[in-house]
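Coordinates from protein-v1.pdb are shown below (PDB, C-alpha atoms and all ligand atoms).
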```pdb
ATOM      1  CA  MET A   1     -13.042   8.745  12.705  1.00  0.00           C
ATOM      2  CA  ALA A   2     -14.624  11.837  11.238  1.00  0.00           C
ATOM      3  CA  GLU A   3     -12.980  11.767   7.821  1.00  0.00           C
ATOM      4  CA  LEU A   4     -14.784   8.959   6.090  1.00  0.00           C
ATOM      5  CA  ASP A   5     -15.250  10.453   2.630  1.00  0.00           C
ATOM      6  CA  VAL A   6     -11.690  10.333   1.314  1.00  0.00           C
ATOM      7  CA  TYR A   7      -8.853   8.540   3.021  1.00  0.00           C
ATOM      8  CA  PRO A   8      -5.534   7.346   1.650  1.00  0.00           C
ATOM      9  CA  PRO A   9      -4.923   3.681   0.885  1.00  0.00           C
ATOM     10  CA  ASP A  10      -3.259   1.793   3.716  1.00  0.00           C
ATOM     11  CA  GLU A  11      -1.801  -1.028   1.684  1.00  0.00           C
ATOM     12  CA  ARG A  12      -0.025  -1.284  -1.651  1.00  0.00           C
ATOM     13  CA  GLU A  13       1.717  -3.933  -3.711  1.00  0.00           C
ATOM     14  CA  CYS A  14       4.198  -3.643  -6.555  1.00  0.00           C
ATOM     15  CA  THR A  15       2.922  -5.364  -9.684  1.00  0.00           C
ATOM     16  CA  ARG A  16       6.494  -5.800 -10.940  1.00  0.00           C
ATOM     17  CA  CYS A  17       8.477  -7.303  -8.070  1.00  0.00           C
ATOM     18  CA  GLY A  18       5.822  -8.180  -5.495  1.00  0.00           C
ATOM     19  CA  ARG A  19       6.963  -5.769  -2.811  1.00  0.00           C
ATOM     20  CA  ARG A  20       4.279  -5.014  -0.269  1.00  0.00           C
ATOM     21  CA  ASP A  21       3.935  -1.988   1.984  1.00  0.00           C
ATOM     22  CA  VAL A  22       1.480  -1.011   4.640  1.00  0.00           C
ATOM     23  CA  ARG A  23       0.961   2.478   5.929  1.00  0.00           C
ATOM     24  CA  ASP A  24       1.949   3.110   9.509  1.00  0.00           C
ATOM     25  CA  GLY A  25      -1.095   4.660  11.130  1.00  0.00           C
ATOM     26  CA  GLU A  26       0.976   6.748  13.538  1.00  0.00           C
ATOM     27  CA  THR A  27       3.632   8.177  11.250  1.00  0.00           C
ATOM     28  CA  GLY A  28       1.765   7.976   7.953  1.00  0.00           C
ATOM     29  CA  HIS A  29       4.858   6.496   6.353  1.00  0.00           C
ATOM     30  CA  TRP A  30       4.985   3.354   4.242  1.00  0.00           C
ATOM     31  CA  ARG A  31       6.450   0.318   5.933  1.00  0.00           C
ATOM     32  CA  ILE A  32       7.570  -2.923   4.256  1.00  0.00           C
ATOM     33  CA  VAL A  33       5.354  -5.880   5.078  1.00  0.00           C
ATOM     34  CA  THR A  34       7.025  -8.675   7.012  1.00  0.00           C
ATOM     35  CA  GLU A  35       5.681 -12.181   6.527  1.00  0.00           C
ATOM     36  CA  ASP A  36       7.071 -15.232   8.336  1.00  0.00           C
ATOM     37  CA  GLY A  37       9.980 -13.124   9.551  1.00  0.00           C
ATOM     38  CA  GLU A  38      10.907 -12.158   6.014  1.00  0.00           C
ATOM     39  CA  LYS A  39      10.593  -8.658   4.616  1.00  0.00           C
ATOM     40  CA  LEU A  40       8.649  -8.533   1.375  1.00  0.00           C
ATOM     41  CA  ALA A  41      10.961  -5.872   0.039  1.00  0.00           C
ATOM     42  CA  GLY A  42      10.938  -7.079  -3.573  1.00  0.00           C
ATOM     43  CA  ASP A  43      13.635  -6.004  -5.984  1.00  0.00           C
ATOM     44  CA  PRO A  44      15.678  -3.042  -4.688  1.00  0.00           C
ATOM     45  CA  PHE A  45      16.325  -1.955  -8.277  1.00  0.00           C
ATOM     46  CA  CYS A  46      12.697  -2.182  -9.300  1.00  0.00           C
ATOM     47  CA  VAL A  47      10.867   0.944 -10.394  1.00  0.00           C
ATOM     48  CA  HIS A  48       7.879   0.058  -8.315  1.00  0.00           C
ATOM     49  CA  GLU A  49       4.498   0.068  -9.958  1.00  0.00           C
ATOM     50  CA  TRP A  50       2.029   0.245  -7.103  1.00  0.00           C
ATOM     51  CA  ASP A  51      -1.206  -1.628  -7.265  1.00  0.00           C
ATOM     52  CA  VAL A  52      -3.233  -0.294  -4.402  1.00  0.00           C
ATOM     53  CA  THR A  53      -5.221  -2.993  -2.673  1.00  0.00           C
ATOM     54  CA  GLY A  54      -7.742  -2.984   0.123  1.00  0.00           C
ATOM     55  CA  ASN A  55     -10.927  -1.046   0.333  1.00  0.00           C
ATOM     56  CA  TYR A  56      -9.732   2.191  -1.150  1.00  0.00           C
ATOM     57  CA  ASN A  57     -11.985   3.105  -4.028  1.00  0.00           C
ATOM     58  CA  PRO A  58     -12.267   6.797  -4.854  1.00  0.00           C
ATOM     59  CA  PHE A  59     -14.323   5.992  -7.933  1.00  0.00           C
ATOM     60  CA  ASP A  60     -17.088   4.058  -6.275  1.00  0.00           C
ATOM     61  CA  PRO A  61     -19.939   4.220  -8.799  1.00  0.00           C
ATOM     62  CA  GLY A  62     -22.386   4.010  -5.941  1.00  0.00           C
ATOM     63  CA  ASP A  63     -25.210   2.670  -8.126  1.00  0.00           C
TER      64      ASP A  63
HETATM   65 ZN    ZN B 101       8.718  -3.250  -7.437  1.00  0.00          ZN
END
```
Full structure transcribed into structure tokens:
Amino acid sequence: MAELDVYPPDERECTRCGRRDVRDGETGHWRIVTEDGEKLAGDPFCVHEWDVTGNYNPFDPGD
């Protein structure tokens, strides 16, 4: 846990179709979120527009 300054987001959501991915900590690849046994894969023809959620904030004003 030495790299605390900048780290990539570990969750993202498409603002168009609602698809949700989480980053696999071991492979670093995006993985589709599964909720209640259903993959939140969204629209396969969507040009995904990712809205990164979670704590990632590279522009923290820091007061
Ligand atoms: Zn989408």
For this session: Find the residues near Arg20 in chain A: any atom within 7 Å, counting all atoms listed in the file, skip ones fewer than 5 places away on the same chain, and give them as a VMD selection string.
Result: chain A and resid 12 to 14 32 to 33 40 to 41
Selection as a PDB file with C-alpha atoms, keeping the file's coordinate frame: residues within 7 Å of ligand ZN 101 (chain B) by only C-alpha atoms and all ligand atoms:
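Wrote it out as result.pdb, contents follow:
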```pdb
ATOM      1  CA  CYS A  14       4.198  -3.643  -6.555  1.00  0.00           C
ATOM      2  CA  THR A  15       2.922  -5.364  -9.684  1.00  0.00           C
ATOM      3  CA  ARG A  16       6.494  -5.800 -10.940  1.00  0.00           C
ATOM      4  CA  CYS A  17       8.477  -7.303  -8.070  1.00  0.00           C
ATOM      5  CA  GLY A  18       5.822  -8.180  -5.495  1.00  0.00           C
ATOM      6  CA  ARG A  19       6.963  -5.769  -2.811  1.00  0.00           C
ATOM      7  CA  GLY A  42      10.938  -7.079  -3.573  1.00  0.00           C
ATOM      8  CA  ASP A  43      13.635  -6.004  -5.984  1.00  0.00           C
ATOM      9  CA  CYS A  46      12.697  -2.182  -9.300  1.00  0.00           C
ATOM     10  CA  VAL A  47      10.867   0.944 -10.394  1.00  0.00           C
ATOM     11  CA  HIS A  48       7.879   0.058  -8.315  1.00  0.00           C
ATOM     12  CA  GLU A  49       4.498   0.068  -9.958  1.00  0.00           C
TER      13      GLU A  49
END
```
For this session: Figure out the distance between CA of Phe45 in chain A and CA of Glu26 in chain A, please, to one decimal in Å.
Result: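 Those two atoms sit 28.1 Å apart.
Taking all atoms listed in the file, the non-local environment of Val22 in chain A within 6 Å (same-chain residues fewer than 3 positions away omitted) comprises Asp10, Glu11, Trp30 and Arg31 of chain A.
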Find the axis-aligned box for range 30-39 of chain A, covering all its listed atoms and adding 4 Å on each side, and write its centre and edge lengths in Å to one decimal as AutoDock Vina command-line options.
```
--center_x 7.9 --center_y -5.9 --center_z 6.9 --size_x 13.9 --size_y 26.6 --size_z 13.3
```
